[in-house]
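For reference, upload.cif (mmCIF, C-alpha atoms):
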```cif
data_work
loop_
_atom_site.label_atom_id
_atom_site.label_comp_id
_atom_site.auth_asym_id
_atom_site.auth_seq_id
_atom_site.Cartn_x
_atom_site.Cartn_y
_atom_site.Cartn_z
CA MET A 1 89.13 77.07 48.03
CA GLN A 2 90.05 79.58 45.35
CA VAL A 3 90.48 83.30 45.82
CA VAL A 4 90.15 86.00 43.19
CA ILE A 5 91.32 89.58 43.49
CA ILE A 6 89.19 91.96 41.45
CA ARG A 7 90.81 95.21 40.40
CA ASN A 8 89.79 98.07 38.14
CA PRO A 9 91.47 97.86 34.71
CA TYR A 10 92.12 101.61 34.71
CA SER A 11 94.20 101.43 37.89
CA ARG A 12 97.93 101.71 37.25
CA LEU A 13 99.08 102.53 40.77
CA ALA A 14 102.37 100.89 41.72
CA ALA A 15 101.20 100.68 45.34
CA GLN A 16 98.19 98.57 44.35
CA LYS A 17 100.31 96.35 42.13
CA GLY A 18 102.68 95.75 45.02
CA GLN A 19 99.80 95.04 47.37
CA ILE A 20 98.33 92.44 45.02
CA GLU A 21 101.70 90.74 44.61
CA ARG A 22 102.13 90.57 48.39
CA LEU A 23 98.70 88.98 48.87
CA GLN A 24 99.29 86.46 46.09
CA ALA A 25 102.66 85.53 47.57
CA GLU A 26 101.14 84.88 50.99
CA PHE A 27 98.32 82.78 49.51
CA LYS A 28 100.90 80.78 47.57
CA LYS A 29 102.70 79.96 50.82
CA LYS A 30 99.39 78.51 52.03
CA LYS A 31 99.06 76.53 48.78
CA ILE A 32 95.90 78.43 47.82
CA GLU A 33 95.33 79.66 44.28
CA CYS A 34 94.79 83.41 44.11
CA ARG A 35 93.97 84.81 40.68
CA LEU A 36 93.95 88.44 39.63
CA ILE A 37 91.04 89.37 37.37
CA SER A 38 89.81 92.64 35.94
CA SER A 39 86.39 94.07 36.63
CA GLN A 40 86.05 94.71 32.88
CA GLY A 41 85.37 90.99 32.44
CA PHE A 42 81.86 89.60 32.17
CA LEU A 43 81.68 88.94 35.93
CA ALA A 44 78.04 89.62 36.78
CA TRP A 45 74.89 90.68 34.98
CA ILE A 46 71.10 90.66 35.07
CA GLU A 47 69.20 88.71 32.42
CA ASN A 48 65.45 88.13 32.30
CA GLY A 49 65.24 89.66 35.75
CA VAL A 50 67.75 87.23 37.27
CA ALA A 51 71.29 88.01 38.50
CA TYR A 52 74.11 85.78 37.23
CA SER A 53 77.89 85.57 37.56
CA SER A 54 80.63 83.85 35.59
CA LEU A 55 82.47 83.25 38.88
CA GLN A 56 81.86 80.08 40.87
CA ASN A 57 82.94 78.92 44.34
CA VAL A 58 85.47 81.64 45.04
CA ALA A 59 86.24 84.09 47.81
CA ILE A 60 86.64 87.64 46.49
CA ILE A 61 89.07 90.35 47.54
CA TYR A 62 87.48 93.40 45.98
CA LEU A 63 89.96 96.17 45.14
CA ASP A 64 87.65 98.06 42.79
CA LYS A 65 85.16 100.76 43.80
CA ASP A 66 82.39 99.81 41.38
CA LYS A 67 79.38 99.69 43.72
CA TYR A 68 77.12 98.09 41.12
CA LEU A 69 79.36 95.11 40.45
CA VAL A 70 80.09 94.49 44.12
CA SER A 71 76.38 94.77 44.95
CA LEU A 72 75.53 92.16 42.29
CA LEU A 73 78.23 89.80 43.57
CA ASN A 74 77.00 90.32 47.09
CA LYS A 75 73.42 89.52 46.08
CA LEU A 76 74.65 86.30 44.48
CA GLY A 77 76.03 85.19 47.83
CA PHE A 78 79.78 85.51 47.33
CA ARG A 79 81.91 86.13 50.41
CA ILE A 80 83.55 89.41 49.60
CA PHE A 81 86.40 91.05 51.51
CA ASN A 82 85.18 93.68 52.33
CA PRO A 83 81.38 93.35 52.23
CA ALA A 84 79.58 95.42 49.59
CA GLU A 85 77.88 97.75 52.07
CA ALA A 86 81.17 98.52 53.79
CA ILE A 87 82.94 99.30 50.50
CA ILE A 88 80.12 101.59 49.35
CA THR A 89 79.98 103.45 52.66
CA CYS A 90 83.74 103.98 52.90
CA ASP A 91 84.08 105.08 49.28
CA ASP A 92 81.81 108.05 50.05
CA LYS A 93 83.39 110.28 52.69
CA MET A 94 80.08 111.88 53.65
CA LEU A 95 78.33 108.51 53.95
CA THR A 96 81.15 107.40 56.25
CA HIS A 97 80.56 110.34 58.58
CA ILE A 98 76.81 109.73 58.53
CA ALA A 99 77.26 106.04 59.35
CA LEU A 100 79.52 106.87 62.30
CA SER A 101 77.37 109.68 63.68
CA ASN A 102 75.40 109.16 66.93
CA GLN A 103 77.73 106.29 67.84
CA GLY A 104 80.00 108.07 70.28
CA ILE A 105 82.69 108.52 67.61
CA GLN A 106 84.41 111.90 67.62
CA MET A 107 84.89 113.51 64.18
CA PRO A 108 85.61 117.00 62.82
CA LYS A 109 82.53 119.17 62.37
CA THR A 110 81.23 118.23 58.92
CA ILE A 111 78.55 119.76 56.68
CA PRO A 112 77.23 118.04 53.52
CA GLY A 113 78.06 120.12 50.45
CA LEU A 114 75.27 121.89 48.61
CA LEU A 115 74.86 120.02 45.32
CA CYS A 116 73.90 122.01 42.23
CA TYR A 117 71.67 120.43 39.59
CA THR A 118 71.34 123.51 37.36
CA LYS A 119 74.14 124.24 34.91
CA GLY A 120 75.46 127.79 35.20
CA ALA A 121 73.74 128.51 38.52
CA LYS A 122 75.63 130.96 40.72
CA LEU A 123 76.90 130.08 44.17
CA ARG A 124 74.65 131.64 46.78
CA GLU A 125 76.52 134.11 48.94
CA GLU A 126 74.41 133.32 52.01
CA TYR A 127 75.52 129.69 51.74
CA LEU A 128 79.17 130.73 51.79
CA GLU A 129 78.52 133.00 54.77
CA THR A 130 76.89 130.12 56.65
CA LEU A 131 79.88 127.86 56.05
CA VAL A 132 82.32 130.49 57.29
CA LYS A 133 80.17 131.13 60.36
CA GLU A 134 79.88 127.42 61.21
CA LEU A 135 83.37 126.22 60.32
CA GLY A 136 85.55 129.31 60.59
CA LEU A 137 88.50 130.08 58.33
CA PRO A 138 90.44 128.29 57.05
CA PHE A 139 88.27 125.21 56.45
CA VAL A 140 88.48 122.09 54.30
CA ILE A 141 86.42 121.11 51.26
CA LYS A 142 86.49 117.48 50.11
CA GLU A 143 84.89 115.77 47.19
CA SER A 144 83.00 112.78 48.58
CA TYR A 145 84.77 110.40 46.19
CA GLY A 146 88.54 110.47 46.02
CA SER A 147 91.62 108.88 47.51
CA LEU A 148 95.32 109.48 48.18
CA GLY A 149 94.54 112.97 49.43
CA LYS A 150 93.32 114.14 46.04
CA GLN A 151 90.18 116.25 45.67
CA VAL A 152 90.83 117.72 49.13
CA TYR A 153 91.18 121.51 49.35
CA LEU A 154 92.17 123.90 52.13
CA VAL A 155 90.53 127.29 51.70
CA GLU A 156 92.10 130.19 53.60
CA ASN A 157 89.54 132.89 52.84
CA LYS A 158 86.13 133.52 51.30
CA GLU A 159 87.50 134.05 47.80
CA GLU A 160 89.32 130.70 47.83
CA ALA A 161 86.21 129.03 49.27
CA ARG A 162 84.03 130.57 46.56
CA LYS A 163 86.40 129.35 43.84
CA VAL A 164 86.55 125.76 45.13
CA LEU A 165 82.82 125.56 45.86
CA ASN A 166 82.09 126.64 42.29
CA LYS A 167 84.47 123.94 41.10
CA VAL A 168 82.87 121.11 43.12
CA LYS A 169 79.22 122.18 43.19
CA TYR A 170 78.20 119.63 40.56
CA VAL A 171 79.74 116.66 42.40
CA PRO A 172 79.02 115.28 45.89
CA HIS A 173 81.26 116.98 48.44
CA LEU A 174 81.49 118.04 52.05
CA CYS A 175 82.82 120.97 54.05
CA GLN A 176 84.73 120.37 57.25
CA GLU A 177 86.45 122.27 60.01
CA LEU A 178 90.24 122.33 59.91
CA VAL A 179 91.68 120.52 62.93
CA LYS A 180 94.65 122.82 63.45
CA SER A 181 96.25 120.58 66.08
CA SER A 182 96.61 117.90 63.39
CA TYR A 183 97.81 120.13 60.55
CA GLY A 184 100.02 118.03 58.28
CA LYS A 185 99.89 114.98 60.51
CA ASP A 186 97.66 112.05 61.36
CA ILE A 187 97.77 108.44 62.52
CA ARG A 188 96.98 105.58 60.13
CA VAL A 189 95.75 102.36 61.76
CA ILE A 190 95.32 99.09 59.85
CA VAL A 191 92.54 96.95 61.32
CA ILE A 192 92.19 93.28 60.33
CA GLY A 193 89.34 91.12 61.57
CA GLY A 194 88.30 93.77 64.08
CA LYS A 195 91.75 94.11 65.68
CA ALA A 196 94.21 96.96 65.27
CA PHE A 197 97.28 95.32 63.76
CA ALA A 198 99.67 97.99 62.44
CA TRP A 199 99.92 101.74 62.77
CA MET A 200 102.11 104.69 61.93
CA LYS A 201 102.18 108.43 62.26
CA ARG A 202 102.23 110.28 58.95
CA GLN A 203 103.63 113.78 58.77
CA SER A 204 104.19 116.37 56.06
CA SER A 205 106.32 119.48 56.35
CA THR A 206 104.90 121.00 53.16
CA ASP A 207 101.15 120.29 53.12
CA PHE A 208 98.15 120.18 55.44
CA ARG A 209 97.56 116.65 54.10
CA SER A 210 99.79 113.90 55.45
CA ASN A 211 99.34 111.32 52.66
CA ILE A 212 102.48 109.38 51.77
CA GLY A 213 101.72 109.84 48.08
CA LEU A 214 101.76 113.63 48.55
CA GLY A 215 105.13 113.71 50.28
CA GLY A 216 104.18 112.70 53.79
CA VAL A 217 106.61 110.56 55.78
CA GLY A 218 105.62 107.62 57.97
CA TYR A 219 107.01 106.93 61.45
CA ALA A 220 106.62 103.98 63.79
CA ILE A 221 104.92 104.95 67.04
CA GLN A 222 103.37 103.52 70.18
CA LEU A 223 99.61 103.62 69.60
CA PRO A 224 97.68 105.24 72.48
CA LYS A 225 94.87 103.11 73.89
CA ALA A 226 92.15 105.59 72.83
CA TYR A 227 93.34 105.44 69.20
CA LYS A 228 93.34 101.64 69.23
CA GLU A 229 89.88 101.45 70.75
CA VAL A 230 88.25 103.92 68.36
CA SER A 231 89.85 102.21 65.33
CA GLU A 232 88.47 98.83 66.32
CA ARG A 233 85.05 100.29 67.07
CA VAL A 234 84.88 102.06 63.70
CA ALA A 235 85.82 98.86 61.86
CA SER A 236 83.12 96.99 63.77
CA LEU A 237 80.43 99.59 63.14
CA LEU A 238 81.17 99.64 59.41
CA LYS A 239 81.46 95.80 59.26
CA LEU A 240 84.93 95.91 57.71
CA ASP A 241 87.18 92.86 57.41
CA TYR A 242 90.16 95.03 56.56
CA CYS A 243 90.65 98.77 56.54
CA GLY A 244 92.94 101.70 57.13
CA ILE A 245 91.57 104.35 59.47
CA ASP A 246 92.96 107.87 59.43
CA LEU A 247 92.80 109.56 62.81
CA LEU A 248 93.42 113.24 63.39
CA ILE A 249 94.98 114.42 66.62
CA GLY A 250 92.54 116.63 68.53
CA LYS A 251 93.67 119.67 70.51
CA ASP A 252 93.25 117.61 73.67
CA GLY A 253 95.25 114.76 72.14
CA LYS A 254 92.16 112.62 71.63
CA PRO A 255 91.48 110.93 68.27
CA LEU A 256 89.11 112.32 65.66
CA VAL A 257 88.07 110.02 62.82
CA CYS A 258 88.93 111.67 59.51
CA GLU A 259 88.47 108.94 56.89
CA VAL A 260 88.11 105.17 56.57
CA ASN A 261 89.74 103.37 53.64
CA SER A 262 88.37 99.92 52.80
CA ASN A 263 91.23 99.24 50.36
CA ALA A 264 94.06 100.93 52.24
CA PHE A 265 97.52 100.33 50.81
CA PHE A 266 99.84 98.57 53.24
CA ASN A 267 103.23 98.56 51.48
CA GLU A 268 104.58 101.55 53.40
CA ILE A 269 103.19 100.54 56.77
CA GLU A 270 104.74 97.08 56.37
CA ARG A 271 108.09 98.68 55.59
CA ILE A 272 107.96 101.06 58.53
CA THR A 273 106.54 98.75 61.19
CA LYS A 274 108.06 95.46 59.96
CA LYS A 275 104.64 93.88 60.50
CA ASN A 276 103.36 91.41 57.91
CA VAL A 277 99.97 92.90 57.02
CA ALA A 278 99.53 90.70 53.94
CA ARG A 279 100.08 87.45 55.83
CA THR A 280 97.73 88.45 58.64
CA TYR A 281 95.00 89.45 56.19
CA VAL A 282 95.40 86.18 54.25
CA GLU A 283 95.23 84.14 57.47
CA TYR A 284 92.07 86.02 58.45
CA ILE A 285 90.46 85.27 55.06
CA ILE A 286 91.33 81.57 55.40
CA LYS A 287 89.88 81.53 58.92
CA GLU A 288 86.66 83.14 57.70
CA MET A 289 86.27 80.75 54.78
CA THR A 290 86.99 77.78 57.07
CA ARG A 291 84.31 78.99 59.48
CA MET A 292 81.87 79.10 56.55
CA GLY A 293 82.85 75.57 55.51
CA ALA A 294 84.45 76.73 52.26
CA TYR A 295 88.01 75.70 53.08
CA ASP A 296 89.50 72.55 54.52
CA ASP A 297 93.28 72.18 54.57
#
```
As structure tokens, what does this structure read like?
Amino acid sequence: MQVVIIRNPYSRLAAQKGQIERLQAEFKKKKIECRLISSQGFLAWIENGVAYSSLQNVAIIYLDKDKYLVSLLNKLGFRIFNPAEAIITCDDKMLTHIALSNQGIQMPKTIPGLLCYTKGAKLREEYLETLVKELGLPFVIKESYGSLGKQVYLVENKEEARKVLNKVKYVPHLCQELVKSSYGKDIRVIVIGGKAFAWMKRQSSTDFRSNIGLGGVGYAIQLPKAYKEVSERVASLLKLDYCGIDLLIGKDGKPLVCEVNSNAFFNEIERITKKNVARTYVEYIIKEMTRMGAYDD
């Protein structure tokens, strides 16, 4: 069995580089070749109405967010970690909330953003009034695509909301209630193969967002049963092999699903918890490929 890790050539994040190196090191210990390739290569295409790929007989760890490439590879029958549908759903924050709705999963009140297709059109005041009425002030505006806490805005009043809504009206976005009991803090849970494996509390003293990359600090904690159960259920519903689930702390202490990351970085959570996320993920991939008859040690 061979494994390839596909990454976006534009990505220069040190955290992703470290993550790839950790995975490759763990595969090497298992005497399995794990190659890093760029998605800019001629990996999949359609010719004369037929889909083709230059890859053959490999398992794929997909660290890009290109939904077209992953969909082509999926159609060609490759075993991809994570599956194409899961990656596409998790990459779009609003699609994630839609997928988890009506499933008994508690989430902050969320409204799809009004998308503008007409250049220069003015924001409708009645729309702003509706958002304030439904969500209260302050509330949160998020672009549907984005990571590391970027493209997420806290608006304290109508003027701030108007400014941000005008900024994002041409891109998919959502509007969401601010969970005040979780201001500047959340719980990140790494789920591998349907089981919660590692977790930490993230907290920021300077921002409503708790992301490590924005100055948040991680702490080892005991994970409450309700947080473990909802994390595993979310991963199952979204058919994720591996993910990081961000849970807000409700005013009653119960978990609220904020976001699901199909390519969650694990460097910091490994450091804080001393748990070997990379090894566990690699062992899960080997188990899956063995079950499919693609690996025999």
Residue IDs satisfying the PyMOL selection byres ((chain A and resi 131) around 10), as a ChimeraX atom specification: /A:111,113,126-130,132-137,139,158,161,175-177
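Reported to one decimal place, the separation of CA of Tyr117 (chain A) from CA of Val140 (chain A) is 22.4 Å.
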Atom-to-atom span, CA of Leu55 (chain A) and CA of Ala235 (chain A), Å: 28.0 Å
Write out as a PDB file with C-alpha atoms, in the coordinates of the input each polymer residue whose atoms come within 9 Å of region 190-203 of chain A, counting all atoms listed in the file; drop sequence neighbours fewer than 5 positions from it.
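Below is the file result_37.pdb, written as the result:
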```
ATOM      1  CA  TYR A 183      97.810 120.130  60.550  1.00  0.00           C
ATOM      2  CA  GLY A 184     100.020 118.030  58.280  1.00  0.00           C
ATOM      3  CA  LYS A 185      99.890 114.980  60.510  1.00  0.00           C
ATOM      4  CA  ARG A 209      97.560 116.650  54.100  1.00  0.00           C
ATOM      5  CA  SER A 210      99.790 113.900  55.450  1.00  0.00           C
ATOM      6  CA  ASN A 211      99.340 111.320  52.660  1.00  0.00           C
ATOM      7  CA  ILE A 212     102.480 109.380  51.770  1.00  0.00           C
ATOM      8  CA  GLY A 215     105.130 113.710  50.280  1.00  0.00           C
ATOM      9  CA  GLY A 216     104.180 112.700  53.790  1.00  0.00           C
ATOM     10  CA  VAL A 217     106.610 110.560  55.780  1.00  0.00           C
ATOM     11  CA  GLY A 218     105.620 107.620  57.970  1.00  0.00           C
ATOM     12  CA  TYR A 219     107.010 106.930  61.450  1.00  0.00           C
ATOM     13  CA  ALA A 220     106.620 103.980  63.790  1.00  0.00           C
ATOM     14  CA  ILE A 221     104.920 104.950  67.040  1.00  0.00           C
ATOM     15  CA  GLN A 222     103.370 103.520  70.180  1.00  0.00           C
ATOM     16  CA  LEU A 223      99.610 103.620  69.600  1.00  0.00           C
ATOM     17  CA  LYS A 228      93.340 101.640  69.230  1.00  0.00           C
ATOM     18  CA  GLU A 229      89.880 101.450  70.750  1.00  0.00           C
ATOM     19  CA  SER A 231      89.850 102.210  65.330  1.00  0.00           C
ATOM     20  CA  GLU A 232      88.470  98.830  66.320  1.00  0.00           C
ATOM     21  CA  ARG A 233      85.050 100.290  67.070  1.00  0.00           C
ATOM     22  CA  VAL A 234      84.880 102.060  63.700  1.00  0.00           C
ATOM     23  CA  ALA A 235      85.820  98.860  61.860  1.00  0.00           C
ATOM     24  CA  SER A 236      83.120  96.990  63.770  1.00  0.00           C
ATOM     25  CA  LYS A 239      81.460  95.800  59.260  1.00  0.00           C
ATOM     26  CA  LEU A 240      84.930  95.910  57.710  1.00  0.00           C
ATOM     27  CA  ASP A 241      87.180  92.860  57.410  1.00  0.00           C
ATOM     28  CA  TYR A 242      90.160  95.030  56.560  1.00  0.00           C
ATOM     29  CA  CYS A 243      90.650  98.770  56.540  1.00  0.00           C
ATOM     30  CA  GLY A 244      92.940 101.700  57.130  1.00  0.00           C
ATOM     31  CA  ILE A 245      91.570 104.350  59.470  1.00  0.00           C
ATOM     32  CA  ALA A 264      94.060 100.930  52.240  1.00  0.00           C
ATOM     33  CA  PHE A 266      99.840  98.570  53.240  1.00  0.00           C
ATOM     34  CA  ILE A 269     103.190 100.540  56.770  1.00  0.00           C
ATOM     35  CA  GLU A 270     104.740  97.080  56.370  1.00  0.00           C
ATOM     36  CA  ILE A 272     107.960 101.060  58.530  1.00  0.00           C
ATOM     37  CA  THR A 273     106.540  98.750  61.190  1.00  0.00           C
ATOM     38  CA  LYS A 275     104.640  93.880  60.500  1.00  0.00           C
ATOM     39  CA  ASN A 276     103.360  91.410  57.910  1.00  0.00           C
ATOM     40  CA  VAL A 277      99.970  92.900  57.020  1.00  0.00           C
ATOM     41  CA  THR A 280      97.730  88.450  58.640  1.00  0.00           C
ATOM     42  CA  TYR A 281      95.000  89.450  56.190  1.00  0.00           C
ATOM     43  CA  TYR A 284      92.070  86.020  58.450  1.00  0.00           C
ATOM     44  CA  ILE A 285      90.460  85.270  55.060  1.00  0.00           C
TER      45      ILE A 285
END
```
Spatial sel., origin (74.3, 86.1, 40.1), limit 6 Å, only C-alpha atoms, listed as a list in words: Ala51, Tyr52, Ser53 and Leu76 of chain A
Could you tell me which residues the PyMOL selection byres ((chain A and resi 146) around 12) returns for this structure, as a JSON list (two decimals) with C-alpha atoms, in the coordinates of the input?
```json
[["chain", "number", "residue", "atom", "x", "y", "z"],
["A", 65, "LYS", "CA", 85.16, 100.76, 43.80],
["A", 90, "CYS", "CA", 83.74, 103.98, 52.90],
["A", 91, "ASP", "CA", 84.08, 105.08, 49.28],
["A", 92, "ASP", "CA", 81.81, 108.05, 50.05],
["A", 93, "LYS", "CA", 83.39, 110.28, 52.69],
["A", 94, "MET", "CA", 80.08, 111.88, 53.65],
["A", 142, "LYS", "CA", 86.49, 117.48, 50.11],
["A", 143, "GLU", "CA", 84.89, 115.77, 47.19],
["A", 144, "SER", "CA", 83.00, 112.78, 48.58],
["A", 145, "TYR", "CA", 84.77, 110.40, 46.19],
["A", 147, "SER", "CA", 91.62, 108.88, 47.51],
["A", 148, "LEU", "CA", 95.32, 109.48, 48.18],
["A", 149, "GLY", "CA", 94.54, 112.97, 49.43],
["A", 150, "LYS", "CA", 93.32, 114.14, 46.04],
["A", 151, "GLN", "CA", 90.18, 116.25, 45.67],
["A", 152, "VAL", "CA", 90.83, 117.72, 49.13],
["A", 153, "TYR", "CA", 91.18, 121.51, 49.35],
["A", 171, "VAL", "CA", 79.74, 116.66, 42.40],
["A", 172, "PRO", "CA", 79.02, 115.28, 45.89],
["A", 173, "HIS", "CA", 81.26, 116.98, 48.44],
["A", 174, "LEU", "CA", 81.49, 118.04, 52.05],
["A", 259, "GLU", "CA", 88.47, 108.94, 56.89],
["A", 260, "VAL", "CA", 88.11, 105.17, 56.57],
["A", 261, "ASN", "CA", 89.74, 103.37, 53.64]]
```
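Distances here use only C-alpha atoms; by that measure, the residue among A:Lys169, A:Arg291, A:Lys122, A:Lys17 closest to Leu63 (chain A) is A:Lys17.
In this structure, CA of Ala84 (chain A) sits 28.2 Å away from CA of Cys116 (chain A).
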Close residues, Ser39 (chain A) itself excluded, 6 Å, only C-alpha atoms, min 4 positions apart in chain, as a list in words: Ile6, Arg7 and Asn8 of chain A
Would you output that residue set with C-alpha atoms, as a PDB file, keeping the file's coordinate frame?
```
ATOM      1  CA  ILE A   6      89.190  91.960  41.450  1.00  0.00           C
ATOM      2  CA  ARG A   7      90.810  95.210  40.400  1.00  0.00           C
ATOM      3  CA  ASN A   8      89.790  98.070  38.140  1.00  0.00           C
TER       4      ASN A   8
END
```
Counting only C-alpha atoms, the residue of A:Arg22, A:Lys67, A:Arg271, A:Arg79 that sits nearest Met292 (chain A): A:Arg79
Neighbouring residues of Glu283 (chain A) were defined as those with any atom within 12 Å, considering all atoms listed in the file; residues of the same chain fewer than 3 positions away were excluded. Please report them as a short mmCIF file (atom, residue, chain, number, x, y, z; two decimals) with C-alpha atoms, keeping the file's coordinate frame.
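And here is the file that came out, out-v1.cif:
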```cif
data_model
loop_
_atom_site.label_atom_id
_atom_site.label_comp_id
_atom_site.auth_asym_id
_atom_site.auth_seq_id
_atom_site.Cartn_x
_atom_site.Cartn_y
_atom_site.Cartn_z
CA LEU A 23 98.70 88.98 48.87
CA GLU A 26 101.14 84.88 50.99
CA PHE A 27 98.32 82.78 49.51
CA LYS A 28 100.90 80.78 47.57
CA LYS A 29 102.70 79.96 50.82
CA LYS A 30 99.39 78.51 52.03
CA ILE A 32 95.90 78.43 47.82
CA ILE A 192 92.19 93.28 60.33
CA GLY A 193 89.34 91.12 61.57
CA ASP A 241 87.18 92.86 57.41
CA ASN A 276 103.36 91.41 57.91
CA VAL A 277 99.97 92.90 57.02
CA ALA A 278 99.53 90.70 53.94
CA ARG A 279 100.08 87.45 55.83
CA THR A 280 97.73 88.45 58.64
CA ILE A 286 91.33 81.57 55.40
CA LYS A 287 89.88 81.53 58.92
CA GLU A 288 86.66 83.14 57.70
CA MET A 289 86.27 80.75 54.78
CA THR A 290 86.99 77.78 57.07
CA TYR A 295 88.01 75.70 53.08
#
```
Can you sort out region 219-240 of chain A so it carries N, CA and C atoms, written as a PDB file, in the frame of the given file?
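Produced file part31.pdb, reproduced below:
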```pdb
ATOM      1  N   TYR A 219     106.153 107.236  60.314  1.00  0.00           N
ATOM      2  CA  TYR A 219     107.010 106.930  61.450  1.00  0.00           C
ATOM      3  C   TYR A 219     106.339 105.868  62.317  1.00  0.00           C
ATOM      4  N   ALA A 220     107.139 104.955  62.830  1.00  0.00           N
ATOM      5  CA  ALA A 220     106.620 103.980  63.790  1.00  0.00           C
ATOM      6  C   ALA A 220     106.380 104.671  65.132  1.00  0.00           C
ATOM      7  N   ILE A 221     105.271 104.341  65.763  1.00  0.00           N
ATOM      8  CA  ILE A 221     104.920 104.950  67.040  1.00  0.00           C
ATOM      9  C   ILE A 221     104.315 103.909  67.977  1.00  0.00           C
ATOM     10  N   GLN A 222     104.186 104.277  69.250  1.00  0.00           N
ATOM     11  CA  GLN A 222     103.370 103.520  70.180  1.00  0.00           C
ATOM     12  C   GLN A 222     101.942 104.050  70.052  1.00  0.00           C
ATOM     13  N   LEU A 223     100.993 103.180  69.820  1.00  0.00           N
ATOM     14  CA  LEU A 223      99.610 103.620  69.600  1.00  0.00           C
ATOM     15  C   LEU A 223      98.900 103.811  70.940  1.00  0.00           C
ATOM     16  N   PRO A 224      98.433 105.034  71.234  1.00  0.00           N
ATOM     17  CA  PRO A 224      97.680 105.240  72.480  1.00  0.00           C
ATOM     18  C   PRO A 224      96.418 104.380  72.524  1.00  0.00           C
ATOM     19  N   LYS A 225      96.015 103.997  73.705  1.00  0.00           N
ATOM     20  CA  LYS A 225      94.870 103.110  73.890  1.00  0.00           C
ATOM     21  C   LYS A 225      93.604 103.678  73.248  1.00  0.00           C
ATOM     22  N   ALA A 226      93.375 104.979  73.382  1.00  0.00           N
ATOM     23  CA  ALA A 226      92.150 105.590  72.830  1.00  0.00           C
ATOM     24  C   ALA A 226      92.114 105.464  71.313  1.00  0.00           C
ATOM     25  N   TYR A 227      93.273 105.540  70.658  1.00  0.00           N
ATOM     26  CA  TYR A 227      93.340 105.440  69.200  1.00  0.00           C
ATOM     27  C   TYR A 227      93.073 103.997  68.761  1.00  0.00           C
ATOM     28  N   LYS A 228      93.580 103.046  69.519  1.00  0.00           N
ATOM     29  CA  LYS A 228      93.340 101.640  69.230  1.00  0.00           C
ATOM     30  C   LYS A 228      91.853 101.316  69.375  1.00  0.00           C
ATOM     31  N   GLU A 229      91.278 101.768  70.461  1.00  0.00           N
ATOM     32  CA  GLU A 229      89.880 101.450  70.750  1.00  0.00           C
ATOM     33  C   GLU A 229      88.932 102.052  69.717  1.00  0.00           C
ATOM     34  N   VAL A 230      89.161 103.301  69.321  1.00  0.00           N
ATOM     35  CA  VAL A 230      88.250 103.920  68.360  1.00  0.00           C
ATOM     36  C   VAL A 230      88.410 103.275  66.985  1.00  0.00           C
ATOM     37  N   SER A 231      89.626 102.868  66.624  1.00  0.00           N
ATOM     38  CA  SER A 231      89.850 102.210  65.330  1.00  0.00           C
ATOM     39  C   SER A 231      89.084 100.898  65.253  1.00  0.00           C
ATOM     40  N   GLU A 232      89.157 100.117  66.309  1.00  0.00           N
ATOM     41  CA  GLU A 232      88.470  98.830  66.320  1.00  0.00           C
ATOM     42  C   GLU A 232      86.959  99.014  66.344  1.00  0.00           C
ATOM     43  N   ARG A 233      86.496 100.036  67.040  1.00  0.00           N
ATOM     44  CA  ARG A 233      85.050 100.290  67.070  1.00  0.00           C
ATOM     45  C   ARG A 233      84.525 100.740  65.708  1.00  0.00           C
ATOM     46  N   VAL A 234      85.281 101.593  65.030  1.00  0.00           N
ATOM     47  CA  VAL A 234      84.880 102.060  63.700  1.00  0.00           C
ATOM     48  C   VAL A 234      84.810 100.881  62.725  1.00  0.00           C
ATOM     49  N   ALA A 235      85.817 100.019  62.748  1.00  0.00           N
ATOM     50  CA  ALA A 235      85.820  98.860  61.860  1.00  0.00           C
ATOM     51  C   ALA A 235      84.628  97.957  62.133  1.00  0.00           C
ATOM     52  N   SER A 236      84.274  97.810  63.395  1.00  0.00           N
ATOM     53  CA  SER A 236      83.120  96.990  63.770  1.00  0.00           C
ATOM     54  C   SER A 236      81.820  97.617  63.305  1.00  0.00           C
ATOM     55  N   LEU A 237      81.669  98.908  63.532  1.00  0.00           N
ATOM     56  CA  LEU A 237      80.430  99.590  63.140  1.00  0.00           C
ATOM     57  C   LEU A 237      80.211  99.539  61.634  1.00  0.00           C
ATOM     58  N   LEU A 238      81.290  99.632  60.869  1.00  0.00           N
ATOM     59  CA  LEU A 238      81.170  99.640  59.410  1.00  0.00           C
ATOM     60  C   LEU A 238      81.268  98.239  58.802  1.00  0.00           C
ATOM     61  N   LYS A 239      81.427  97.217  59.683  1.00  0.00           N
ATOM     62  CA  LYS A 239      81.460  95.800  59.260  1.00  0.00           C
ATOM     63  C   LYS A 239      82.594  95.538  58.252  1.00  0.00           C
ATOM     64  N   LEU A 240      83.765  96.045  58.584  1.00  0.00           N
ATOM     65  CA  LEU A 240      84.930  95.910  57.710  1.00  0.00           C
ATOM     66  C   LEU A 240      85.798  94.729  58.127  1.00  0.00           C
TER      67      LEU A 240
END
```
